[in-house]
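Pasting entry-v2.csv here (CSV, C-alpha atoms and all ligand atoms):
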chain,number,residue,atom,x,y,z
X,1,MET,CA,67.6,233.0,174.8
X,2,SER,CA,67.9,236.4,173.0
X,3,LYS,CA,69.6,234.5,170.2
X,4,ALA,CA,66.2,232.9,169.4
X,5,TYR,CA,65.3,236.2,167.7
X,6,ARG,CA,68.2,236.0,165.3
X,7,VAL,CA,67.2,235.3,161.6
X,8,ARG,CA,69.3,232.4,160.4
X,9,PRO,CA,70.9,233.2,157.0
X,10,GLY,CA,68.9,231.8,154.1
X,11,THR,CA,65.6,231.3,156.0
X,12,LYS,CA,62.4,232.7,154.6
X,13,VAL,CA,60.9,235.1,157.2
X,14,ARG,CA,57.1,235.2,157.6
X,15,LEU,CA,56.4,238.0,160.1
X,16,LYS,CA,53.0,236.4,161.0
X,17,ASP,CA,55.0,233.6,162.7
X,18,PHE,CA,56.6,236.1,165.1
X,19,ASP,CA,54.5,237.3,168.1
X,20,PRO,CA,55.0,241.1,168.7
X,21,ASN,CA,53.6,240.6,172.2
X,22,ASP,CA,56.1,238.0,173.2
X,23,THR,CA,57.6,238.6,176.7
X,24,SER,CA,59.1,235.1,177.0
X,25,GLU,CA,60.0,234.0,180.6
X,26,PHE,CA,58.9,237.3,182.1
X,27,LYS,CA,55.3,236.7,181.4
X,28,GLY,CA,54.6,240.4,181.7
X,29,ASP,CA,56.8,240.9,184.8
X,30,LYS,CA,57.9,244.4,183.9
X,31,GLU,CA,59.5,245.1,187.3
X,32,GLU,CA,62.0,242.3,187.1
X,33,ALA,CA,62.8,243.2,183.5
X,34,GLN,CA,63.4,246.8,184.5
X,35,GLN,CA,65.9,245.7,187.2
X,36,GLU,CA,67.8,243.6,184.7
X,37,LEU,CA,67.8,246.5,182.2
X,38,GLU,CA,69.4,248.8,184.8
X,39,LYS,CA,72.2,246.3,185.3
X,40,LEU,CA,72.7,245.9,181.6
X,41,ASN,CA,72.8,249.7,181.2
X,42,THR,CA,75.7,249.9,183.7
X,43,GLU,CA,77.5,247.0,181.9
X,44,LEU,CA,77.0,248.7,178.5
X,45,GLU,CA,78.4,251.9,179.9
X,46,ARG,CA,81.5,250.0,181.1
X,47,LEU,CA,81.9,248.1,177.8
X,48,GLN,CA,81.5,251.3,175.7
X,49,GLU,CA,84.2,253.0,177.8
X,50,CYS,CA,86.6,250.1,177.1
X,51,LEU,CA,85.7,250.1,173.4
X,52,TYR,CA,86.6,253.8,173.3
X,53,ALA,CA,89.7,253.4,175.3
X,54,GLU,CA,90.9,250.4,173.3
X,55,GLY,CA,90.2,252.2,170.0
X,56,LYS,CA,90.2,249.1,167.9
X,57,HIS,CA,86.7,247.7,167.3
X,58,LYS,CA,83.9,249.5,165.5
X,59,VAL,CA,80.3,248.7,166.3
X,60,LEU,CA,77.3,249.5,164.1
X,61,ILE,CA,73.7,249.1,165.3
X,62,VAL,CA,70.9,249.3,162.7
X,63,LEU,CA,67.4,250.1,163.9
X,64,GLN,CA,64.5,249.6,161.5
X,65,GLY,CA,60.8,249.4,162.1
X,66,MET,CA,57.4,251.0,161.1
X,67,ASP,CA,56.5,254.4,162.4
X,68,THR,CA,56.0,254.4,166.2
X,69,SER,CA,57.8,251.0,166.5
X,70,GLY,CA,60.2,252.6,169.1
X,71,LYS,CA,63.5,253.4,167.3
X,72,ASP,CA,63.8,256.6,169.3
X,73,GLY,CA,62.7,254.9,172.5
X,74,VAL,CA,65.5,252.3,172.2
X,75,ILE,CA,68.1,254.9,171.7
X,76,ARG,CA,66.9,256.7,174.8
X,77,SER,CA,66.4,253.7,177.1
X,78,VAL,CA,69.1,251.2,176.1
X,79,PHE,CA,71.9,253.8,175.8
X,80,ASP,CA,70.9,255.6,178.9
X,81,GLY,CA,74.0,256.5,180.8
X,82,VAL,CA,76.5,255.7,178.0
X,83,ASN,CA,79.1,258.4,177.6
X,84,PRO,CA,78.1,260.5,174.5
X,85,GLN,CA,81.7,260.7,173.6
X,86,GLY,CA,82.3,257.7,171.4
X,87,VAL,CA,78.7,257.0,170.6
X,88,ARG,CA,76.9,258.6,167.6
X,89,VAL,CA,73.4,258.5,166.3
X,90,ALA,CA,72.8,258.8,162.6
X,91,CYS,CA,69.2,259.5,161.4
X,92,PHE,CA,68.4,258.9,157.8
X,93,LYS,CA,65.5,260.9,156.5
X,94,VAL,CA,64.2,261.6,153.0
X,95,PRO,CA,67.4,262.0,151.0
X,96,THR,CA,68.5,265.5,150.1
X,97,PRO,CA,69.1,266.5,146.4
X,98,GLU,CA,72.8,266.0,147.0
X,99,GLU,CA,72.3,262.6,148.5
X,100,LEU,CA,70.0,261.6,145.6
X,101,ALA,CA,72.6,262.7,143.1
X,102,HIS,CA,74.8,259.8,144.5
X,103,ASP,CA,74.3,256.1,145.0
X,104,TYR,CA,72.2,255.2,147.9
X,105,LEU,CA,75.1,253.9,150.0
X,106,TRP,CA,77.1,257.2,149.7
X,107,ARG,CA,75.4,258.9,152.7
X,108,ILE,CA,75.4,255.7,154.7
X,109,HIS,CA,79.1,254.9,154.3
X,110,LYS,CA,80.1,258.3,155.5
X,111,MET,CA,78.3,257.7,158.8
X,112,THR,CA,79.7,254.3,159.7
X,113,PRO,CA,81.8,254.0,162.9
X,114,GLY,CA,85.5,254.6,163.1
X,115,LYS,CA,87.8,252.7,165.5
X,116,GLY,CA,86.6,252.7,169.1
X,117,GLU,CA,83.2,254.1,168.0
X,118,MET,CA,79.7,252.9,168.4
X,119,VAL,CA,77.2,254.2,165.9
X,120,ILE,CA,73.4,253.7,166.0
X,121,PHE,CA,71.5,254.0,162.7
X,122,ASN,CA,68.0,255.3,163.2
X,123,ARG,CA,66.7,254.0,159.8
X,124,SER,CA,69.4,253.1,157.3
X,125,HIS,CA,70.2,251.9,153.8
X,126,TYR,CA,67.3,249.5,154.3
X,127,GLU,CA,64.9,252.3,153.5
X,128,ASP,CA,66.2,251.9,149.9
X,129,VAL,CA,64.5,248.5,149.7
X,130,LEU,CA,61.5,249.4,151.9
X,131,VAL,CA,59.9,252.9,151.4
X,132,VAL,CA,61.7,253.1,148.0
X,133,ARG,CA,60.1,249.8,147.0
X,134,VAL,CA,56.7,250.4,148.4
X,135,HIS,CA,56.4,253.8,146.7
X,136,GLU,CA,58.2,252.7,143.5
X,137,LEU,CA,60.7,255.5,143.8
X,138,VAL,CA,63.1,253.6,141.6
X,139,PRO,CA,62.2,250.7,139.1
X,140,GLY,CA,62.1,247.1,140.4
X,141,SER,CA,65.1,246.3,138.3
X,142,VAL,CA,67.1,248.8,140.4
X,143,TRP,CA,65.9,247.9,144.0
X,144,LYS,CA,66.0,244.2,143.4
X,145,LYS,CA,69.8,244.3,142.9
X,146,ARG,CA,70.2,246.1,146.2
X,147,TYR,CA,70.0,243.1,148.5
X,148,ASP,CA,73.2,241.6,147.1
X,149,GLN,CA,74.8,245.1,147.1
X,150,ILE,CA,73.9,245.6,150.7
X,151,ASN,CA,75.3,242.2,151.7
X,152,ALA,CA,78.5,243.0,149.9
X,153,PHE,CA,78.7,246.4,151.5
X,154,GLU,CA,78.1,245.1,155.0
X,155,ARG,CA,80.6,242.3,154.4
X,156,THR,CA,83.3,244.9,153.5
X,157,LEU,CA,82.5,246.8,156.7
X,158,ALA,CA,82.7,243.5,158.7
X,159,GLU,CA,86.0,242.3,157.1
X,160,GLU,CA,87.4,245.7,157.9
X,161,GLY,CA,86.7,245.3,161.6
X,162,THR,CA,83.0,246.4,162.1
X,163,THR,CA,80.7,244.4,164.3
X,164,ILE,CA,77.2,244.8,162.9
X,165,LEU,CA,73.9,244.2,164.7
X,166,LYS,CA,70.5,244.8,163.0
X,167,PHE,CA,67.3,245.1,164.9
X,168,TYR,CA,63.8,245.0,163.3
X,169,LEU,CA,61.3,246.4,165.9
X,170,HIS,CA,58.2,244.2,165.4
X,171,ILE,CA,54.9,245.8,166.3
X,172,ASP,CA,51.5,245.0,164.9
X,173,GLU,CA,48.9,247.3,163.3
X,174,ALA,CA,46.7,247.5,166.4
X,175,GLU,CA,49.7,248.6,168.5
X,176,GLN,CA,50.6,251.3,166.0
X,177,LYS,CA,47.0,252.5,166.0
X,178,GLN,CA,47.1,252.9,169.8
X,179,ARG,CA,50.4,254.6,169.7
X,180,LEU,CA,49.3,257.1,167.1
X,181,LEU,CA,46.1,257.7,169.1
X,182,ASP,CA,48.2,258.3,172.2
X,183,ARG,CA,50.3,260.9,170.4
X,184,LEU,CA,47.1,262.7,169.3
X,185,ALA,CA,45.7,262.6,172.9
X,186,ASP,CA,48.7,264.3,174.4
X,187,SER,CA,49.5,267.8,173.0
X,188,SER,CA,53.1,267.5,174.2
X,189,LYS,CA,53.5,264.6,171.8
X,190,HIS,CA,51.9,266.3,168.8
X,191,TRP,CA,55.3,267.1,167.4
X,192,LYS,CA,55.8,263.4,167.0
X,193,PHE,CA,52.6,263.0,165.0
X,194,ASN,CA,53.1,263.2,161.2
X,195,PRO,CA,50.0,263.1,159.1
X,196,GLY,CA,52.1,261.3,156.5
X,197,ASP,CA,52.3,258.3,159.0
X,198,LEU,CA,48.6,257.6,158.2
X,199,LYS,CA,49.4,257.2,154.5
X,200,GLU,CA,52.2,254.8,155.3
X,201,ARG,CA,50.0,252.9,157.7
X,202,ALA,CA,47.5,252.3,154.9
X,203,LEU,CA,50.3,250.5,153.1
X,204,TRP,CA,51.0,248.1,156.0
X,205,GLY,CA,50.7,244.9,154.0
X,206,GLN,CA,53.1,246.1,151.4
X,207,TYR,CA,55.6,247.2,154.0
X,208,MET,CA,55.4,243.8,155.7
X,209,GLN,CA,56.2,242.1,152.4
X,210,ALA,CA,59.1,244.5,151.8
X,211,TYR,CA,60.4,243.8,155.4
X,212,GLU,CA,60.0,240.0,155.0
X,213,ASP,CA,62.2,240.1,151.9
X,214,ALA,CA,64.8,242.4,153.4
X,215,LEU,CA,65.0,240.2,156.6
X,216,SER,CA,65.1,237.0,154.5
X,217,LYS,CA,67.7,238.2,152.0
X,218,THR,CA,70.1,240.2,154.2
X,219,SER,CA,70.5,238.3,157.4
X,220,THR,CA,74.1,237.1,157.1
X,221,ASP,CA,76.7,235.7,159.5
X,222,TRP,CA,78.6,239.0,159.3
X,223,ALA,CA,75.5,241.2,159.8
X,224,PRO,CA,72.6,239.3,161.3
X,225,TRP,CA,69.0,240.6,161.7
X,226,TYR,CA,67.1,240.2,165.0
X,227,ILE,CA,63.4,240.3,165.0
X,228,ILE,CA,62.6,242.0,168.3
X,229,PRO,CA,59.1,241.7,169.8
X,230,ALA,CA,58.3,245.4,170.3
X,231,ASN,CA,54.6,245.7,171.4
X,232,LYS,CA,55.9,245.8,175.0
X,233,LYS,CA,58.5,248.6,175.2
X,234,TRP,CA,60.2,247.2,178.3
X,235,TYR,CA,60.7,243.8,176.7
X,236,ARG,CA,62.0,245.3,173.5
X,237,ASN,CA,64.6,247.4,175.4
X,238,LEU,CA,65.7,244.4,177.5
X,239,ILE,CA,66.2,242.1,174.6
X,240,ILE,CA,68.2,244.7,172.6
X,241,ALA,CA,70.3,245.5,175.7
X,242,ARG,CA,71.0,241.8,176.3
X,243,LEU,CA,72.1,241.2,172.7
X,244,LEU,CA,74.3,244.3,172.7
X,245,VAL,CA,76.0,243.5,175.9
X,246,GLY,CA,76.5,239.8,174.9
X,247,THR,CA,78.0,240.9,171.6
X,248,LEU,CA,80.4,243.5,173.2
X,249,GLN,CA,81.5,241.0,175.8
X,250,SER,CA,82.3,238.5,173.1
X,251,LEU,CA,84.7,241.0,171.5
X,252,ASN,CA,87.0,240.5,174.4
X,253,ILE,CA,87.9,244.2,174.5
X,254,GLN,CA,91.2,245.0,176.3
X,255,LEU,CA,91.9,248.2,178.1
X,256,PRO,CA,95.3,249.6,177.1
X,257,GLN,CA,98.2,248.4,179.3
X,258,PRO,CA,98.3,250.2,182.6
X,259,LEU,CA,101.5,252.1,183.4
X,260,SER,CA,104.3,250.3,185.2
X,261,GLU,CA,104.8,251.0,188.9
X,262,VAL,CA,108.1,252.6,188.1
X,263,ASP,CA,106.5,255.0,185.6
X,264,VAL,CA,103.7,255.9,188.0
X,265,GLU,CA,106.2,256.8,190.7
X,266,ARG,CA,108.3,258.8,188.2
X,267,TYR,CA,105.3,260.8,187.0
X,268,ARG,CA,104.1,261.3,190.5
X,269,LEU,CA,107.4,262.7,191.7
X,270,GLN,CA,107.5,265.0,188.6
X,271,LEU,CA,104.1,266.4,189.5
X,272,LEU,CA,105.0,266.8,193.2
X,273,VAL,CA,108.2,268.8,192.6
X,274,GLY,CA,106.9,270.7,189.6
Q,1,LIG,P1,61.3,259.8,160.7
Q,1,LIG,O1,62.3,258.7,160.9
Q,1,LIG,O2,60.0,259.5,161.3
Q,1,LIG,O3,61.8,261.1,161.1
Q,1,LIG,O4,61.0,259.8,159.2
Q,1,LIG,C1,61.9,259.8,158.2
Q,1,LIG,C2,61.2,259.5,156.9
Q,1,LIG,O5,62.3,259.5,155.9
Q,1,LIG,C3,60.5,258.2,156.8
Q,1,LIG,O6,59.2,258.4,156.3
Q,1,LIG,C4,61.4,257.4,155.9
Q,1,LIG,O7,60.7,256.4,155.2
Q,1,LIG,C5,62.0,258.5,155.0
Q,1,LIG,N1,63.2,258.0,154.3
Q,1,LIG,C6,64.3,257.6,154.9
Q,1,LIG,N2,65.2,257.1,154.0
Q,1,LIG,C7,64.6,257.3,152.8
Q,1,LIG,C8,65.0,257.0,151.4
Q,1,LIG,N3,66.2,256.5,151.1
Q,1,LIG,N4,64.1,257.3,150.4
Q,1,LIG,C9,62.9,257.9,150.7
Q,1,LIG,N5,62.5,258.1,152.0
Q,1,LIG,C10,63.3,257.9,153.0
Q,2,MG,MG,58.1,259.3,161.9
Any chance you could give the structure as structure tokens?
Amino acid sequence: MSKAYRVRPGTKVRLKDFDPNDTSEFKGDKEEAQQELEKLNTELERLQECLYAEGKHKVLIVLQGMDTSGKDGVIRSVFDGVNPQGVRVACFKVPTPEELAHDYLWRIHKMTPGKGEMVIFNRSHYEDVLVVRVHELVPGSVWKKRYDQINAFERTLAEEGTTILKFYLHIDEAEQKQRLLDRLADSSKHWKFNPGDLKERALWGQYMQAYEDALSKTSTDWAPWYIIPANKKWYRNLIIARLLVGTLQSLNIQLPQPLSEVDVERYRLQLLVG
């Protein structure tokens, strides 16, 4: 079911065709979804521990979406309970002068997962075909080449053993307005409010175009995009957790061989006499 949200390579995405309010078979039954999410949290915890113990696979999760779409919320809710050892979050903000002095993938490549690691990108190299395109921070002739470059980069990561999942958190303009109003209404949330978000919001149409192009051109067999209905936070979390658990299960992760009975006995005796 969750696979339905996967963007098939080569399809032209029109975000208007995707309902951000979709809650599928749950029809708004938040309770039931919450229970399933708890089970998935536990399973994710187990799978992540196996991933870390096996030390073979690398997992990269890319989160993209407009301001307030829930990137931080997903990190909090879906990875709730996962051992912080072996999981890393990398946030990509406005590039520093040093980062800008390099190619746009330089800062990204450094943060990719090593063996046994799971890394979550809160924003990513996709900003370089999104905000950079909308604000014309580089000429069109430069950003237009980046889709192919990104596909090649992600292909290299995949061929070298990285499993890549990319989630676009799909909210609509009305939902964003409400979330920004909620932030203003609660002084404990003021730190999350950035006046700059209003300027970006005014460019909604241009961002949607940039997202449609990115989703259409960079969903590949080795690094698929999923368009996640994200107006309902509980549904967004559930679908991402399902996709993640399903993908990790399919990796068939093996715990290292247990010790033989003879070895266990030998070590036990060493400890007892020592
Ligand atoms: P936030 O994730 O809300 O903390 O905001 C980070 C900001 O950094 C967003 O406005 C992004 O659009 C911006 N940003 C991230 N990457 C880039 C980039 N490569 N070039 C310009 N701005 C960026
Ligand atoms: Mg922000």
In Å, how far is it from CA of Glu36 in chain X to CA of Val82 in chain X?
-> 16.3 Å
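With the cut-off set to 7 Å and only C-alpha atoms and all ligand atoms counted, the residues surrounding ligand MG 2 (chain Q) are Asp67, Thr68, Lys192, Asn194 and Asp197 of chain X.
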Kindly work out which residues sit at most 12 Å from ligand LIG 1 (chain Q), using all atoms listed in the file, and give the list as JSON, numbers by chain.
-> {"X": [63, 64, 65, 66, 67, 68, 69, 70, 71, 72, 90, 91, 92, 93, 94, 95, 96, 97, 99, 100, 101, 102, 103, 104, 105, 106, 107, 108, 121, 122, 123, 124, 125, 126, 127, 128, 129, 130, 131, 132, 133, 134, 135, 136, 137, 138, 143, 191, 192, 193, 194, 195, 196, 197, 198, 199, 200, 201, 207]}
Write the residues of the preceding selection, restricted to C-alpha atoms, as a short mmCIF file (atom, residue, chain, number, x, y, z; two decimals), in the coordinates of the input.
data_model
loop_
_atom_site.label_atom_id
_atom_site.label_comp_id
_atom_site.auth_asym_id
_atom_site.auth_seq_id
_atom_site.Cartn_x
_atom_site.Cartn_y
_atom_site.Cartn_z
CA LEU X 63 67.40 250.10 163.90
CA GLN X 64 64.50 249.60 161.50
CA GLY X 65 60.80 249.40 162.10
CA MET X 66 57.40 251.00 161.10
CA ASP X 67 56.50 254.40 162.40
CA THR X 68 56.00 254.40 166.20
CA SER X 69 57.80 251.00 166.50
CA GLY X 70 60.20 252.60 169.10
CA LYS X 71 63.50 253.40 167.30
CA ASP X 72 63.80 256.60 169.30
CA ALA X 90 72.80 258.80 162.60
CA CYS X 91 69.20 259.50 161.40
CA PHE X 92 68.40 258.90 157.80
CA LYS X 93 65.50 260.90 156.50
CA VAL X 94 64.20 261.60 153.00
CA PRO X 95 67.40 262.00 151.00
CA THR X 96 68.50 265.50 150.10
CA PRO X 97 69.10 266.50 146.40
CA GLU X 99 72.30 262.60 148.50
CA LEU X 100 70.00 261.60 145.60
CA ALA X 101 72.60 262.70 143.10
CA HIS X 102 74.80 259.80 144.50
CA ASP X 103 74.30 256.10 145.00
CA TYR X 104 72.20 255.20 147.90
CA LEU X 105 75.10 253.90 150.00
CA TRP X 106 77.10 257.20 149.70
CA ARG X 107 75.40 258.90 152.70
CA ILE X 108 75.40 255.70 154.70
CA PHE X 121 71.50 254.00 162.70
CA ASN X 122 68.00 255.30 163.20
CA ARG X 123 66.70 254.00 159.80
CA SER X 124 69.40 253.10 157.30
CA HIS X 125 70.20 251.90 153.80
CA TYR X 126 67.30 249.50 154.30
CA GLU X 127 64.90 252.30 153.50
CA ASP X 128 66.20 251.90 149.90
CA VAL X 129 64.50 248.50 149.70
CA LEU X 130 61.50 249.40 151.90
CA VAL X 131 59.90 252.90 151.40
CA VAL X 132 61.70 253.10 148.00
CA ARG X 133 60.10 249.80 147.00
CA VAL X 134 56.70 250.40 148.40
CA HIS X 135 56.40 253.80 146.70
CA GLU X 136 58.20 252.70 143.50
CA LEU X 137 60.70 255.50 143.80
CA VAL X 138 63.10 253.60 141.60
CA TRP X 143 65.90 247.90 144.00
CA TRP X 191 55.30 267.10 167.40
CA LYS X 192 55.80 263.40 167.00
CA PHE X 193 52.60 263.00 165.00
CA ASN X 194 53.10 263.20 161.20
CA PRO X 195 50.00 263.10 159.10
CA GLY X 196 52.10 261.30 156.50
CA ASP X 197 52.30 258.30 159.00
CA LEU X 198 48.60 257.60 158.20
CA LYS X 199 49.40 257.20 154.50
CA GLU X 200 52.20 254.80 155.30
CA ARG X 201 50.00 252.90 157.70
CA TYR X 207 55.60 247.20 154.00
#
Within 10 Å of Ala223 in chain X, counting all atoms listed in the file, which residues qualify if same-chain residues fewer than 4 places away don't, as a count of residues only?
-> 16
Long-range neighbours of Glu54 in chain X as a PyMOL selection string, 12 Å cut-off, all atoms listed in the file, 5 positions minimum in chain | chain X and resi 47-49+86+115-117+251-258
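Restricting the calculation to only C-alpha atoms, the smallest distance between Lys12 in chain X and any of X:Leu244, X:Cys50, X:Val142, X:Leu215 is found for X:Leu215.
Taking CA of Ala241 in chain X and CA of Leu169 in chain X as endpoints, the distance between them is 13.3 Å.
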Restricting to all atoms listed in the file, whichever of X:Asn231, X:Gln34, X:Ser141, X:Ser77 is closest to Gln178 in chain X is X:Asn231
Two-atom distance - CA of Tyr5 in chain X, CA of Gly161 in chain X (Å) = 24.0 Å
Pick the closest to Glu160 in chain X from X:Val87, X:Leu40, X:Val59, X:Leu248: which is it, counting all atoms listed in the file?
-> X:Val59
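Among the candidates X:Arg242, X:Thr11, X:Phe153, X:Gly73, the residue lying nearest to Thr112 in chain X is X:Phe153 (atoms considered: all atoms listed in the file).
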Taking (55.7, 239.0, 171.8) in the file's coordinates, which residues come within 8 Å, counting all atoms listed in the file, written as a tab-separated table (two decimals) with C-alpha atoms, in the frame of the given file?
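Everything below was put into point.tsv:
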chain	number	residue	atom	x	y	z
X	18	PHE	CA	56.60	236.10	165.10
X	19	ASP	CA	54.50	237.30	168.10
X	20	PRO	CA	55.00	241.10	168.70
X	21	ASN	CA	53.60	240.60	172.20
X	22	ASP	CA	56.10	238.00	173.20
X	23	THR	CA	57.60	238.60	176.70
X	24	SER	CA	59.10	235.10	177.00
X	229	PRO	CA	59.10	241.70	169.80
X	230	ALA	CA	58.30	245.40	170.30
X	231	ASN	CA	54.60	245.70	171.40
X	232	LYS	CA	55.90	245.80	175.00
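Of the residues listed (X:Leu51, X:Ile150, X:Ile75, X:Val262), X:Leu51 shows the shortest atom-to-atom separation from Pro113 in chain X; distances use only C-alpha atoms.
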Write range 58-70 of chain X as a PDB file, in the coordinates of the input, completed to N, CA, C and O atoms.
ATOM      1  N   LYS X  58      84.963 248.568 165.892  1.00  0.00           N
ATOM      2  CA  LYS X  58      83.900 249.500 165.500  1.00  0.00           C
ATOM      3  C   LYS X  58      82.597 248.754 165.597  1.00  0.00           C
ATOM      4  O   LYS X  58      82.517 247.574 165.242  1.00  0.00           O
ATOM      5  N   VAL X  59      81.584 249.426 166.101  1.00  0.00           N
ATOM      6  CA  VAL X  59      80.300 248.700 166.300  1.00  0.00           C
ATOM      7  C   VAL X  59      79.173 249.534 165.621  1.00  0.00           C
ATOM      8  O   VAL X  59      79.029 250.739 165.847  1.00  0.00           O
ATOM      9  N   LEU X  60      78.418 248.844 164.795  1.00  0.00           N
ATOM     10  CA  LEU X  60      77.300 249.500 164.100  1.00  0.00           C
ATOM     11  C   LEU X  60      75.998 248.776 164.457  1.00  0.00           C
ATOM     12  O   LEU X  60      75.874 247.555 164.349  1.00  0.00           O
ATOM     13  N   ILE X  61      75.043 249.586 164.913  1.00  0.00           N
ATOM     14  CA  ILE X  61      73.700 249.100 165.300  1.00  0.00           C
ATOM     15  C   ILE X  61      72.694 249.691 164.362  1.00  0.00           C
ATOM     16  O   ILE X  61      72.599 250.920 164.272  1.00  0.00           O
ATOM     17  N   VAL X  62      71.947 248.853 163.666  1.00  0.00           N
ATOM     18  CA  VAL X  62      70.900 249.300 162.700  1.00  0.00           C
ATOM     19  C   VAL X  62      69.554 249.143 163.342  1.00  0.00           C
ATOM     20  O   VAL X  62      69.212 248.044 163.764  1.00  0.00           O
ATOM     21  N   LEU X  63      68.776 250.223 163.407  1.00  0.00           N
ATOM     22  CA  LEU X  63      67.400 250.100 163.900  1.00  0.00           C
ATOM     23  C   LEU X  63      66.425 250.397 162.769  1.00  0.00           C
ATOM     24  O   LEU X  63      66.499 251.437 162.116  1.00  0.00           O
ATOM     25  N   GLN X  64      65.546 249.443 162.541  1.00  0.00           N
ATOM     26  CA  GLN X  64      64.500 249.600 161.500  1.00  0.00           C
ATOM     27  C   GLN X  64      63.152 249.211 162.142  1.00  0.00           C
ATOM     28  O   GLN X  64      63.110 248.396 163.059  1.00  0.00           O
ATOM     29  N   GLY X  65      62.094 249.767 161.601  1.00  0.00           N
ATOM     30  CA  GLY X  65      60.800 249.400 162.100  1.00  0.00           C
ATOM     31  C   GLY X  65      59.770 250.417 161.550  1.00  0.00           C
ATOM     32  O   GLY X  65      60.172 251.514 161.133  1.00  0.00           O
ATOM     33  N   MET X  66      58.501 250.061 161.593  1.00  0.00           N
ATOM     34  CA  MET X  66      57.400 251.000 161.100  1.00  0.00           C
ATOM     35  C   MET X  66      57.399 252.199 162.039  1.00  0.00           C
ATOM     36  O   MET X  66      57.957 252.201 163.137  1.00  0.00           O
ATOM     37  N   ASP X  67      56.691 253.244 161.591  1.00  0.00           N
ATOM     38  CA  ASP X  67      56.500 254.400 162.400  1.00  0.00           C
ATOM     39  C   ASP X  67      55.945 254.000 163.778  1.00  0.00           C
ATOM     40  O   ASP X  67      55.089 253.118 163.832  1.00  0.00           O
ATOM     41  N   THR X  68      56.397 254.624 164.836  1.00  0.00           N
ATOM     42  CA  THR X  68      56.000 254.400 166.200  1.00  0.00           C
ATOM     43  C   THR X  68      56.558 253.042 166.806  1.00  0.00           C
ATOM     44  O   THR X  68      56.229 252.670 167.926  1.00  0.00           O
ATOM     45  N   SER X  69      57.377 252.321 166.032  1.00  0.00           N
ATOM     46  CA  SER X  69      57.800 251.000 166.500  1.00  0.00           C
ATOM     47  C   SER X  69      58.830 251.158 167.682  1.00  0.00           C
ATOM     48  O   SER X  69      59.120 250.178 168.367  1.00  0.00           O
ATOM     49  N   GLY X  70      59.389 252.374 167.879  1.00  0.00           N
ATOM     50  CA  GLY X  70      60.200 252.600 169.100  1.00  0.00           C
ATOM     51  C   GLY X  70      61.700 252.786 168.812  1.00  0.00           C
ATOM     52  O   GLY X  70      62.510 252.587 169.714  1.00  0.00           O
TER      53      GLY X  70
END
